[in-house]
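Input: a single structure, listed below in structure tokens.
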4 protein chains.
Amino acid sequence: MVERLGVAVVGGGFMGGVHAEVLTADPRVDLRWVVDRDERVGTDLATRFGARVTTTLDEALADDTVRLVVVATPAATHEPIAAQVIAAGRNVLVEKPLVLSTGHARQLAAAARERGVVLAHGGNFVYAPKFVRAHELAADREALGTVHSVRVAFRTSGPDTDWFRSKATAGGGALTDLGWHAVELCRWMLGKPAIRAVTACTRQLSAAGDVEDQGVVLIEFADGAIGQCDVSWACPGGEQLTVEVIGTEGLVTADLWQGMGVEAYTNTKFGAVWEPNQGWLRPEWEWIRNSGYVHQDRQVVDAVLDGRPTTHTPDDAVAVVETLEAAYRSAADGRKVEMNA
Amino acid sequence: MVERLGVAVVGGGFMGGVHAEVLTADPRVDLRWVVDRDERVGTDLATRFGARVTTTLDEALADDTVRLVVVATPAATHEPIAAQVIAAGRNVLVEKPLVLSTGHARQLAAAARERGVVLAHGGNFVYAPKFVRAHELAADREALGTVHSVRVAFRTSGPDTDWFRSKATAGGGALTDLGWHAVELCRWMLGKPAIRAVTACTRQLSAAGDVEDQGVVLIEFADGAIGQCDVSWACPGGEQLTVEVIGTEGLVTADLWQGMGVEAYTNTKFGAVWEPNQGWLRPEWEWIRNSGYVHQDRQVVDAVLDGRPTTHTPDDAVAVVETLEAAYRSAADGRKVEMNA
Amino acid sequence: MVERLGVAVVGGGFMGGVHAEVLTADPRVDLRWVVDRDERVGTDLATRFGARVTTTLDEALADDTVRLVVVATPAATHEPIAAQVIAAGRNVLVEKPLVLSTGHARQLAAAARERGVVLAHGGNFVYAPKFVRAHELAADREALGTVHSVRVAFRTSGPDTDWFRSKATAGGGALTDLGWHAVELCRWMLGKPAIRAVTACTRQLSAAGDVEDQGVVLIEFADGAIGQCDVSWACPGGEQLTVEVIGTEGLVTADLWQGMGVEAYTNTKFGAVWEPNQGWLRPEWEWIRNSGYVHQDRQVVDAVLDGRPTTHTPDDAVAVVETLEAAYRSAADGRKVEMNA
Amino acid sequence: MVERLGVAVVGGGFMGGVHAEVLTADPRVDLRWVVDRDERVGTDLATRFGARVTTTLDEALADDTVRLVVVATPAATHEPIAAQVIAAGRNVLVEKPLVLSTGHARQLAAAARERGVVLAHGGNFVYAPKFVRAHELAADREALGTVHSVRVAFRTSGPDTDWFRSKATAGGGALTDLGWHAVELCRWMLGKPAIRAVTACTRQLSAAGDVEDQGVVLIEFADGAIGQCDVSWACPGGEQLTVEVIGTEGLVTADLWQGMGVEAYTNTKFGAVWEPNQGWLRPEWEWIRNSGYVHQDRQVVDAVLDGRPTTHTPDDAVAVVETLEAAYRSAADGRKVEMNA
């Protein structure tokens, strides 16, 4: 019998919904509670995923089967909620930014260690399949030589929700919101060296709120590498999230939304790239899944076990074979082949 | 208790391995047999996935728990194997090309219908997430107007395995191998209209084997649309698989490996695209998964249930918060902030 | 003293204007006449470029200084006009399509040879700098191996002028208009081998006019190469003109408007490409001009000879030097440097 | 009679050669002298372009017909040479960096003003046709709204010539060499606002020389915009030079070598862009020239005036017409048309 994990999601907004959707797709997860101060918001989400709703975290924590709490509330509330969850001996996943001060981060880490619970923090992009592939390539010192530069640009047209633009609720602006990802991606791509010095400038362009909507951060790493973070809430045309890693012998770039995916260059060779494997490359990632095999075979299993119709049927196979037969005939005869439909 | 599906894979080569990997990742599947005439090949694969090995299909079919047989053998053997599997009352997934003649395709379809089993055929790319998104956009008649053209180019440097280049074992060359995908993608992108006429030319460039390694097929559909299939085994630089769908008001293109992903243009608006939604667009697909949320939350569940370490720890969160604090301080003071590491 | 060439342009429409603009920028050219049946149209163009206007070709040909006649009229009129110009012993540049039948093409060629005059035909894209570079790379047999495939796609949203859509005035539709370029580009990229066979399909989608607005042409060349021409007047989103040349060892692609320019791949090396010169490449073309040197130095010569102001002045140089000085200081001191503006 | 401009080029290296090539292509220019301390170097260049050679600037300045001197020597020598040329009452074009200190820049500017001569400085990229188009689009406040960000990345694998890596001869490293362009492009794209503050970091990665090979510069402009310059001599894979300009309603990017050219996005419309003109765009630049009309018509003029053969002859036109005729016949008959070659 598979062990099931009871989960409570705190915060019924957009990110709470994302986690509810992701977690309930895992057969090991039992989503038991949605916690939101606004009962209507909580009820909407709870109803979608068959969970209970409550307006107090206490009620969810009173449920012994709840072993993981996901915190998806405005940033300034992360610390007290996470502290309460840990104190109750439960594992916790806190959306980014984990907290707003180094002191709080260290306290939570110490508390989690002491209670023996998992303290995980959001920052989804370091798990994104495309970036995981870029990270693998960036770690190939044979192909890249000494890596000396990393740059992350993360630009959006700004948040939809008001609390993001208030220092009281969000702690900061674009730098807190997008900069979290940018800094984490820079560190990760380099193998998480220590940081020696930081130089930054920020600016508030928008009349709304009291936080910066643009920031540029230069990071000097202990290994000599330089990181650049370029974040903006004032960029039209759709979300841009790009990573560049440059070494003495090669480079890797990855563009999450607007561009092609992963590009790499090497003067030598990568260890984990198919042919061609010299000069400029566009390596695949998760090729079995991206080729459709996972979705295809799942449909076949669904069809056998559940009697669900498949998207493509034997009639389709007949049509394709007929077309190929006609094509061979046409090529042989040098004339158009009419199909008797 | 979850019902489990007993599976036998016939053919222990590359594609047999792909299906074994994909199917065994599904907790509902129990891979019981690998069937291969070459016992060594079969044993290698069976061992990797904890299945039994046999050199005869009969032995696998004698196992009552086997309800799905996956056929991943050279093309010319598909028909007799699939016929035997269906006759034994088992569901079957046959790699493309299903069979090599329309007559055989119809016979198998009829037999499967009669025995009440699922007959599924490979052709994974019509399940590929990127192309599924392109298909959704291509079906948006408000955004595309009347769709009149579709084109699929599928170019590789040719198969690694010898049997592909022999008419006796493969039935045909690039047209049979890659053309299957190209024809199916064209039909699907248009909504599977009937085919009125086919014109083609093929050519053998390579000295190896006795089949064509290039083919161009023009398809006239009953709804007036024109399809172009451009397939080649003689293209260096890595696999190219692109789809273009053009209508009177808009178009959709998708590049599986070399290019950016999905691009679309519309004179009007798409129903299922976020802002920006005018002119040229680069729509996302599977954004929750591609953003990393699925991988992130799975790591957290693994950590709680199985005690596995997460890739990113509270120490990382501390480092990010410290950096952001330093960035805010630097921006405020106009000077570099040194970190006391 | 530089010899000057007297020119008459026949046809005061869009293409007549393009040639007038291009030719009058050449100091060796003296544009003397614009000929148009519609005096108002002719006058507009003639006035813009300081030429005389006439409604009859005879009047322009009566001018002894006219040595070159540019024919930019609807396609069906090309043959009689060109014949008259050649008969009058004058050189002639005829916009594409030169004429509408092979017989007429041969007659004009013979007549020009006999009279010793230049007979040139439009088809500007085989002179386009980007495609000239692609052609140079495509001719590198060391890098490409045996070239076996060429493809040109030329897609627009259709002509603005009515006469293009009438068989009586234009001779044909998209195939005559865009197909001319596509066929010529295919031949040229391959080194102009003879053509062995042609297969095509065309279709009229639009209710306007009586000519095809889409065509696909397969060309089998005497050297075994296959050419594909894909032309359309029914493609939204802006003009697409792409060329692909594929060989056994490499390939070259060039995208005139929508894409990056020239891309190439080789398993070996190109003779005329800078580093990097392996794998996938993005070769430059006309790099001195595209870098701005021609425009820069011309501004300097204009400034000296004609006293024209340059776009960028010594004040700009002062600002740049000041900024670089501040940057060096900031890097040395680890703090922001304020400029005393 | 066309007035001719006598020119002397000082420095017979790579850049001296570029200017010699560019200037001698202008019929108004008479390249009279190449000046180089190394007589062999000077002789090579002078011979290529039919100029005299000398090892002393004095000798070139003694020639009264020399009215423009181009200075293409190592950076540290620019100031004394330019000062001497201006003192001699001659116009001067100095390669970038004009000089190495603000004081020297102001002195030269004052001296040129006083003597009434043109003082021009290199910095070719602000004249590059693609960037000129990007600049035009970036200046469209209707389309871009308030422009708040500009970024230039200029990355190469470093200079080929040793003097670039020595502070004594070059004044500085990548920041002096590439940063000049980056700063000038930032200023220009924004309309040259005053600069309020500069923050930078630099680093020397290479063991060769005594100058930085990487630099990042943040510029705060008086109008509130932020500029980022990212320059590197340590980037493999070929030269990267990209410009990004971002406003509240739209953005413009231009990639000189590796990417597509110019891309733009607007929530509104551009004043100077053809259809499509909404959302994401890829505007053309110098379309007449890039289409090949200039090169085509020049060939025709050359053929008439000089009897030079054209690249494409009437035989080509015959072949194209024959192919189009065959295509129409094939489309009508539904069969391949064999050509009687």
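The way I read the labels, and the way they are meant: chains A, B, ... in the order of the structure tokens, residue 1 as the first residue of every chain, and ligand 1 as the first ligand shown, with later ones counted on from there.
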Please identify all residues of chain D having at least one atom at most 6 Å from any atom of chain A, considering only C-alpha atoms, and return them as a short mmCIF file (atom, residue, chain, number, x, y, z; two decimals) with N, CA, C and O atoms, in the first residue's frame.
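So the final result, stored in part.cif, reads:
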data_model
loop_
_atom_site.label_atom_id
_atom_site.label_comp_id
_atom_site.auth_asym_id
_atom_site.auth_seq_id
_atom_site.Cartn_x
_atom_site.Cartn_y
_atom_site.Cartn_z
N PRO D 236 33.90 32.95 -25.89
CA PRO D 236 34.10 32.13 -27.10
C PRO D 236 32.85 32.10 -27.98
O PRO D 236 31.78 32.52 -27.56
N GLY D 237 33.01 31.61 -29.20
CA GLY D 237 31.84 31.37 -30.07
C GLY D 237 31.56 32.47 -31.06
O GLY D 237 30.55 32.41 -31.76
N GLY D 250 6.77 49.49 -25.25
CA GLY D 250 7.36 48.66 -26.29
C GLY D 250 8.85 48.54 -26.10
O GLY D 250 9.42 49.12 -25.16
N TYR D 265 8.73 45.25 -30.17
CA TYR D 265 7.40 44.95 -29.66
C TYR D 265 6.74 46.27 -29.30
O TYR D 265 7.40 47.18 -28.79
N GLY D 334 -1.56 17.21 -63.84
CA GLY D 334 -1.36 16.26 -62.75
C GLY D 334 -0.29 15.23 -63.06
O GLY D 334 -0.38 14.08 -62.67
N ARG D 335 0.71 15.62 -63.79
CA ARG D 335 1.81 14.69 -64.01
C ARG D 335 3.14 15.43 -64.15
O ARG D 335 3.19 16.63 -64.40
N LYS D 336 4.18 14.70 -63.95
CA LYS D 336 5.52 15.25 -64.08
C LYS D 336 5.78 15.64 -65.53
O LYS D 336 5.39 14.90 -66.44
#
What residues in region 178-272 of chain B get the DSSP label alpha helix (DSSP H)? Please answer as a short mmCIF file (atom, residue, chain, number, x, y, z; two decimals) with C-alpha atoms, in the first residue's frame.
data_model
loop_
_atom_site.label_atom_id
_atom_site.label_comp_id
_atom_site.auth_asym_id
_atom_site.auth_seq_id
_atom_site.Cartn_x
_atom_site.Cartn_y
_atom_site.Cartn_z
CA LEU B 178 9.92 9.68 -41.42
CA GLY B 179 7.07 10.13 -43.90
CA TRP B 180 4.74 8.30 -41.54
CA HIS B 181 5.18 11.10 -39.00
CA ALA B 182 5.02 13.82 -41.63
CA VAL B 183 1.76 12.58 -43.15
CA GLU B 184 0.17 12.03 -39.76
CA LEU B 185 1.21 15.48 -38.53
CA CYS B 186 -0.20 17.13 -41.67
CA ARG B 187 -3.54 15.35 -41.35
CA TRP B 188 -3.80 16.03 -37.63
CA MET B 189 -2.94 19.73 -37.86
#
For Lys167 (chain A), please output as a list in words all residues within 7 Å (counting only C-alpha atoms; exclusion window: fewer than 4 positions along the same chain).
-> Gly171, Gly172, Asp210 and Val211 of chain A
Those in region 23-234 of chain D with strand (DSSP E or B) from DSSP, as a CSV table (one decimal) with N, CA, C and O atoms, in the first residue's frame:
chain,number,residue,atom,x,y,z
D,29,VAL,N,37.3,60.5,-53.1
D,29,VAL,CA,38.5,60.5,-52.3
D,29,VAL,C,39.7,60.1,-53.1
D,29,VAL,O,39.7,59.2,-54.0
D,30,ASP,N,40.8,60.8,-52.7
D,30,ASP,CA,42.1,60.4,-53.3
D,30,ASP,C,43.0,60.1,-52.1
D,30,ASP,O,43.5,60.9,-51.4
D,31,LEU,N,43.3,58.7,-52.0
D,31,LEU,CA,44.1,58.3,-50.9
D,31,LEU,C,45.6,58.6,-51.3
D,31,LEU,O,46.1,57.9,-52.2
D,32,ARG,N,46.2,59.5,-50.6
D,32,ARG,CA,47.5,59.9,-51.1
D,32,ARG,C,48.7,59.3,-50.3
D,32,ARG,O,49.7,58.9,-50.8
D,33,TRP,N,48.5,59.1,-48.9
D,33,TRP,CA,49.6,58.7,-48.1
D,33,TRP,C,49.1,57.6,-47.1
D,33,TRP,O,48.0,57.7,-46.5
D,34,VAL,N,50.0,56.6,-46.9
D,34,VAL,CA,49.9,55.8,-45.8
D,34,VAL,C,51.1,56.1,-44.9
D,34,VAL,O,52.3,56.0,-45.4
D,35,VAL,N,50.9,56.4,-43.6
D,35,VAL,CA,52.0,56.7,-42.7
D,35,VAL,C,52.1,55.6,-41.7
D,35,VAL,O,51.1,55.2,-41.1
D,52,ARG,N,51.1,56.7,-51.7
D,52,ARG,CA,52.5,56.8,-51.3
D,52,ARG,C,52.7,56.3,-49.8
D,52,ARG,O,51.8,56.3,-49.1
D,53,VAL,N,54.0,56.0,-49.5
D,53,VAL,CA,54.2,55.6,-48.1
D,53,VAL,C,55.2,56.5,-47.5
D,53,VAL,O,56.1,57.0,-48.2
D,54,THR,N,55.1,56.7,-46.2
D,54,THR,CA,56.1,57.5,-45.4
D,54,THR,C,56.1,57.0,-44.0
D,54,THR,O,55.1,56.4,-43.5
D,66,VAL,N,46.5,67.0,-49.0
D,66,VAL,CA,45.9,66.2,-47.9
D,66,VAL,C,45.1,67.1,-47.0
D,66,VAL,O,45.6,68.0,-46.4
D,67,ARG,N,43.8,66.8,-47.0
D,67,ARG,CA,42.9,67.6,-46.2
D,67,ARG,C,42.2,66.8,-45.1
D,67,ARG,O,41.6,67.4,-44.2
D,68,LEU,N,42.3,65.5,-45.2
D,68,LEU,CA,41.8,64.6,-44.1
D,68,LEU,C,42.8,63.6,-43.7
D,68,LEU,O,43.4,62.9,-44.6
D,69,VAL,N,43.1,63.5,-42.4
D,69,VAL,CA,44.0,62.5,-41.9
D,69,VAL,C,43.2,61.5,-41.0
D,69,VAL,O,42.4,61.9,-40.1
D,70,VAL,N,43.3,60.2,-41.3
D,70,VAL,CA,42.7,59.2,-40.6
D,70,VAL,C,43.7,58.6,-39.6
D,70,VAL,O,44.7,58.1,-40.1
D,71,VAL,N,43.4,58.6,-38.3
D,71,VAL,CA,44.4,58.1,-37.3
D,71,VAL,C,43.9,56.7,-36.9
D,71,VAL,O,42.9,56.6,-36.2
D,91,ASN,N,41.6,68.4,-41.3
D,91,ASN,CA,40.5,67.6,-40.7
D,91,ASN,C,41.1,66.3,-40.3
D,91,ASN,O,42.0,65.7,-40.9
D,92,VAL,N,40.4,65.7,-39.3
D,92,VAL,CA,40.9,64.4,-38.7
D,92,VAL,C,39.8,63.5,-38.3
D,92,VAL,O,38.8,63.9,-37.7
D,93,LEU,N,40.0,62.3,-38.6
D,93,LEU,CA,39.1,61.2,-38.1
D,93,LEU,C,40.0,60.3,-37.3
D,93,LEU,O,40.9,59.7,-37.8
D,94,VAL,N,39.7,60.2,-36.0
D,94,VAL,CA,40.5,59.4,-35.1
D,94,VAL,C,39.7,58.1,-34.7
D,94,VAL,O,38.6,58.2,-34.2
D,119,LEU,N,36.7,67.5,-36.5
D,119,LEU,CA,37.3,66.4,-35.6
D,119,LEU,C,36.3,65.3,-35.5
D,119,LEU,O,35.2,65.6,-34.9
D,120,ALA,N,36.5,64.2,-36.1
D,120,ALA,CA,35.5,63.1,-36.1
D,120,ALA,C,36.2,62.0,-35.3
D,120,ALA,O,37.4,61.8,-35.4
D,121,HIS,N,35.4,61.2,-34.6
D,121,HIS,CA,36.0,60.0,-33.9
D,121,HIS,C,35.3,58.8,-34.4
D,121,HIS,O,34.1,58.7,-34.7
D,147,VAL,N,11.0,55.5,-22.4
D,147,VAL,CA,12.1,54.5,-22.4
D,147,VAL,C,12.9,54.6,-21.1
D,147,VAL,O,13.3,55.7,-20.7
D,148,HIS,N,13.0,53.5,-20.4
D,148,HIS,CA,13.7,53.5,-19.1
D,148,HIS,C,14.9,52.7,-19.0
D,148,HIS,O,15.6,52.7,-18.0
D,149,SER,N,15.2,51.9,-20.1
D,149,SER,CA,16.3,50.9,-19.9
D,149,SER,C,17.0,50.8,-21.3
D,149,SER,O,16.3,50.7,-22.3
D,150,VAL,N,18.3,50.7,-21.3
D,150,VAL,CA,19.0,50.3,-22.5
D,150,VAL,C,20.2,49.5,-22.0
D,150,VAL,O,20.7,49.6,-20.9
D,151,ARG,N,20.5,48.5,-22.9
D,151,ARG,CA,21.6,47.5,-22.5
D,151,ARG,C,22.3,47.2,-23.8
D,151,ARG,O,21.7,46.9,-24.8
D,152,VAL,N,23.6,47.2,-23.7
D,152,VAL,CA,24.5,46.8,-24.8
D,152,VAL,C,25.4,45.7,-24.2
D,152,VAL,O,26.1,45.9,-23.2
D,153,ALA,N,25.4,44.6,-24.9
D,153,ALA,CA,26.4,43.6,-24.6
D,153,ALA,C,27.4,43.5,-25.8
D,153,ALA,O,26.9,43.3,-27.0
D,154,PHE,N,28.6,43.5,-25.6
D,154,PHE,CA,29.6,43.4,-26.6
D,154,PHE,C,30.7,42.5,-26.1
D,154,PHE,O,31.5,42.8,-25.2
D,155,ARG,N,30.7,41.3,-26.7
D,155,ARG,CA,31.6,40.3,-26.2
D,155,ARG,C,32.4,39.7,-27.4
D,155,ARG,O,31.8,39.3,-28.4
D,195,ILE,N,24.6,62.1,-18.3
D,195,ILE,CA,24.8,61.0,-17.4
D,195,ILE,C,25.0,61.5,-16.0
D,195,ILE,O,25.8,62.4,-15.7
D,196,ARG,N,24.3,60.9,-15.1
D,196,ARG,CA,24.3,61.4,-13.7
D,196,ARG,C,25.3,60.6,-12.8
D,196,ARG,O,25.9,61.2,-12.0
D,197,ALA,N,25.3,59.3,-13.0
D,197,ALA,CA,26.2,58.5,-12.2
D,197,ALA,C,26.6,57.2,-12.9
D,197,ALA,O,25.9,56.7,-13.7
D,198,VAL,N,27.8,56.7,-12.5
D,198,VAL,CA,28.3,55.5,-13.1
D,198,VAL,C,28.8,54.6,-12.0
D,198,VAL,O,29.5,55.0,-11.1
D,199,THR,N,28.5,53.3,-12.1
D,199,THR,CA,29.0,52.2,-11.2
D,199,THR,C,29.5,51.1,-12.1
D,199,THR,O,28.9,50.8,-13.1
D,200,ALA,N,30.7,50.6,-11.8
D,200,ALA,CA,31.3,49.6,-12.7
D,200,ALA,C,32.1,48.6,-11.9
D,200,ALA,O,32.5,48.9,-10.7
D,201,CYS,N,32.3,47.5,-12.5
D,201,CYS,CA,33.3,46.6,-12.0
D,201,CYS,C,34.0,46.0,-13.2
D,201,CYS,O,33.5,45.8,-14.2
D,202,THR,N,35.3,45.8,-13.0
D,202,THR,CA,36.2,45.2,-14.1
D,202,THR,C,37.0,44.1,-13.5
D,202,THR,O,37.1,43.9,-12.3
D,203,ARG,N,37.6,43.3,-14.4
D,203,ARG,CA,38.4,42.2,-13.9
D,203,ARG,C,39.3,41.7,-15.0
D,203,ARG,O,39.0,41.8,-16.2
D,214,GLN,N,37.2,42.1,-18.8
D,214,GLN,CA,35.8,42.1,-18.7
D,214,GLN,C,35.4,43.3,-17.9
D,214,GLN,O,36.1,43.8,-17.0
D,215,GLY,N,34.2,43.9,-18.2
D,215,GLY,CA,33.7,45.0,-17.5
D,215,GLY,C,32.2,45.1,-17.5
D,215,GLY,O,31.6,44.7,-18.6
D,216,VAL,N,31.6,45.5,-16.4
D,216,VAL,CA,30.2,45.8,-16.4
D,216,VAL,C,30.0,47.2,-15.9
D,216,VAL,O,30.6,47.5,-14.9
D,217,VAL,N,29.2,48.0,-16.6
D,217,VAL,CA,29.0,49.4,-16.3
D,217,VAL,C,27.6,49.7,-16.2
D,217,VAL,O,26.8,49.4,-17.1
D,218,LEU,N,27.1,50.2,-15.0
D,218,LEU,CA,25.8,50.7,-14.9
D,218,LEU,C,25.8,52.2,-15.0
D,218,LEU,O,26.5,52.9,-14.3
D,219,ILE,N,24.9,52.7,-15.9
D,219,ILE,CA,24.9,54.2,-16.1
D,219,ILE,C,23.5,54.7,-15.7
D,219,ILE,O,22.5,54.2,-16.2
D,220,GLU,N,23.5,55.7,-14.8
D,220,GLU,CA,22.2,56.3,-14.5
D,220,GLU,C,22.1,57.6,-15.3
D,220,GLU,O,23.0,58.5,-15.1
D,221,PHE,N,21.1,57.7,-16.1
D,221,PHE,CA,21.0,58.9,-16.9
D,221,PHE,C,20.1,60.0,-16.2
D,221,PHE,O,19.3,59.6,-15.4
D,226,ILE,N,18.1,53.8,-17.0
D,226,ILE,CA,19.3,53.0,-16.6
D,226,ILE,C,20.0,52.4,-17.8
D,226,ILE,O,19.3,51.8,-18.7
D,227,GLY,N,21.3,52.5,-17.9
D,227,GLY,CA,22.0,51.8,-19.0
D,227,GLY,C,22.9,50.7,-18.4
D,227,GLY,O,23.5,50.9,-17.3
D,228,GLN,N,23.0,49.6,-19.1
D,228,GLN,CA,23.9,48.6,-18.7
D,228,GLN,C,24.9,48.3,-19.9
D,228,GLN,O,24.4,48.1,-21.0
D,229,CYS,N,26.2,48.3,-19.6
D,229,CYS,CA,27.2,47.9,-20.6
D,229,CYS,C,27.9,46.6,-20.1
D,229,CYS,O,28.3,46.6,-19.0
D,230,ASP,N,27.9,45.7,-20.9
D,230,ASP,CA,28.5,44.4,-20.6
D,230,ASP,C,29.5,44.0,-21.6
D,230,ASP,O,29.1,43.6,-22.7
D,231,VAL,N,30.8,44.2,-21.3
D,231,VAL,CA,31.8,44.0,-22.3
D,231,VAL,C,32.8,42.9,-21.9
D,231,VAL,O,33.1,42.8,-20.7
D,232,SER,N,33.2,42.1,-22.8
D,232,SER,CA,34.1,41.0,-22.5
D,232,SER,C,35.0,40.7,-23.7
D,232,SER,O,34.6,40.7,-24.8
Quick one: pull the distance between CA of Glu286 (chain A) and CA of Asp302 (chain B), Å, one decimal.
->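 That distance, rounded to one decimal, is 20.3 Å.
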Atomic distance CA of Leu281 (chain D) - CA of Glu244 (chain C), expressed in Å with one decimal =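 Value for the CA of Leu281 (chain D)-CA of Glu244 (chain C) distance: 23.1 Å.
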So how many Å separate CA of Trp257 (chain A) and CA of Ala25 (chain B), to one decimal?
->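 For CA of Trp257 (chain A) relative to CA of Ala25 (chain B), the distance reads 27.9 Å.
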Ile288 (chain A): which residues within 10 Å, counting only C-alpha atoms, same-chain residues fewer than 2 positions away excluded, as a list in words?
->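 Listed by chain and then number, they are Glu284, Trp285, Glu286, Asn290, Ser291, Gly292, Tyr293, Val294 and His295 of chain A; Val18, His19, Glu21, Val22, Asn124 and Ala128 of chain B.
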Pick out the residues sitting within 10 Å of region 160-166 of chain D, and hand them over as number ranges by chain; count only C-alpha atoms, and ignore anything fewer than 3 positions along from it in its own chain.
-> D: 13-14, 74-76, 157, 169-174, 176-177, 206, 208-213
Write out the residues from the selection above, keeping N, CA and C atoms, as an mmCIF file, in the first residue's frame.
data_model
loop_
_atom_site.group_PDB
_atom_site.id
_atom_site.type_symbol
_atom_site.label_atom_id
_atom_site.label_comp_id
_atom_site.auth_asym_id
_atom_site.auth_seq_id
_atom_site.Cartn_x
_atom_site.Cartn_y
_atom_site.Cartn_z
ATOM 1 N N GLY D 13 47.853 49.153 -40.006
ATOM 2 C CA GLY D 13 47.360 47.866 -39.500
ATOM 3 C C GLY D 13 45.957 47.559 -39.988
ATOM 4 N N PHE D 14 45.268 46.749 -39.225
ATOM 5 C CA PHE D 14 43.962 46.258 -39.638
ATOM 6 C C PHE D 14 42.982 47.396 -39.894
ATOM 7 N N PRO D 74 47.768 52.698 -32.339
ATOM 8 C CA PRO D 74 47.402 52.316 -30.968
ATOM 9 C C PRO D 74 46.880 53.523 -30.188
ATOM 10 N N ALA D 75 45.962 53.232 -29.261
ATOM 11 C CA ALA D 75 45.169 54.272 -28.616
ATOM 12 C C ALA D 75 46.001 55.358 -27.951
ATOM 13 N N ALA D 76 47.100 54.980 -27.302
ATOM 14 C CA ALA D 76 47.860 55.948 -26.519
ATOM 15 C C ALA D 76 48.489 57.023 -27.409
ATOM 16 N N SER D 157 36.277 37.320 -28.366
ATOM 17 C CA SER D 157 37.292 36.449 -27.772
ATOM 18 C C SER D 157 38.604 37.205 -27.564
ATOM 19 N N THR D 169 50.164 51.154 -24.106
ATOM 20 C CA THR D 169 49.823 51.463 -25.501
ATOM 21 C C THR D 169 48.328 51.653 -25.717
ATOM 22 N N ALA D 170 47.509 50.928 -24.957
ATOM 23 C CA ALA D 170 46.065 50.952 -25.226
ATOM 24 C C ALA D 170 45.298 51.824 -24.244
ATOM 25 N N GLY D 171 45.925 52.170 -23.120
ATOM 26 C CA GLY D 171 45.239 53.005 -22.143
ATOM 27 C C GLY D 171 44.378 52.197 -21.192
ATOM 28 N N GLY D 172 43.781 51.128 -21.694
ATOM 29 C CA GLY D 172 42.911 50.267 -20.882
ATOM 30 C C GLY D 172 42.600 49.034 -21.677
ATOM 31 N N GLY D 173 41.726 48.189 -21.136
ATOM 32 C CA GLY D 173 41.439 46.924 -21.795
ATOM 33 C C GLY D 173 40.092 46.893 -22.478
ATOM 34 N N ALA D 174 39.302 45.867 -22.146
ATOM 35 C CA ALA D 174 38.021 45.660 -22.824
ATOM 36 C C ALA D 174 37.106 46.869 -22.676
ATOM 37 N N THR D 176 38.001 50.045 -22.449
ATOM 38 C CA THR D 176 38.436 51.095 -23.363
ATOM 39 C C THR D 176 38.116 50.703 -24.810
ATOM 40 N N ASP D 177 38.324 49.435 -25.123
ATOM 41 C CA ASP D 177 38.160 48.954 -26.497
ATOM 42 C C ASP D 177 36.688 48.795 -26.861
ATOM 43 N N SER D 206 42.684 37.027 -18.053
ATOM 44 C CA SER D 206 43.788 36.477 -18.826
ATOM 45 C C SER D 206 45.115 36.784 -18.145
ATOM 46 N N ALA D 208 47.702 37.322 -19.880
ATOM 47 C CA ALA D 208 48.433 38.191 -20.802
ATOM 48 C C ALA D 208 48.100 39.659 -20.519
ATOM 49 N N GLY D 209 49.123 40.511 -20.542
ATOM 50 C CA GLY D 209 48.908 41.946 -20.444
ATOM 51 C C GLY D 209 48.591 42.416 -19.042
ATOM 52 N N ASP D 210 48.227 43.692 -18.923
ATOM 53 C CA ASP D 210 47.974 44.283 -17.609
ATOM 54 C C ASP D 210 46.669 45.078 -17.596
ATOM 55 N N VAL D 211 45.719 44.654 -18.404
ATOM 56 C CA VAL D 211 44.440 45.388 -18.452
ATOM 57 C C VAL D 211 43.269 44.435 -18.239
ATOM 58 N N GLU D 212 42.109 45.022 -17.894
ATOM 59 C CA GLU D 212 40.902 44.231 -17.664
ATOM 60 C C GLU D 212 40.429 43.620 -18.983
ATOM 61 N N ASP D 213 39.901 42.397 -18.902
ATOM 62 C CA ASP D 213 39.282 41.827 -20.109
ATOM 63 C C ASP D 213 37.780 41.643 -19.934
#
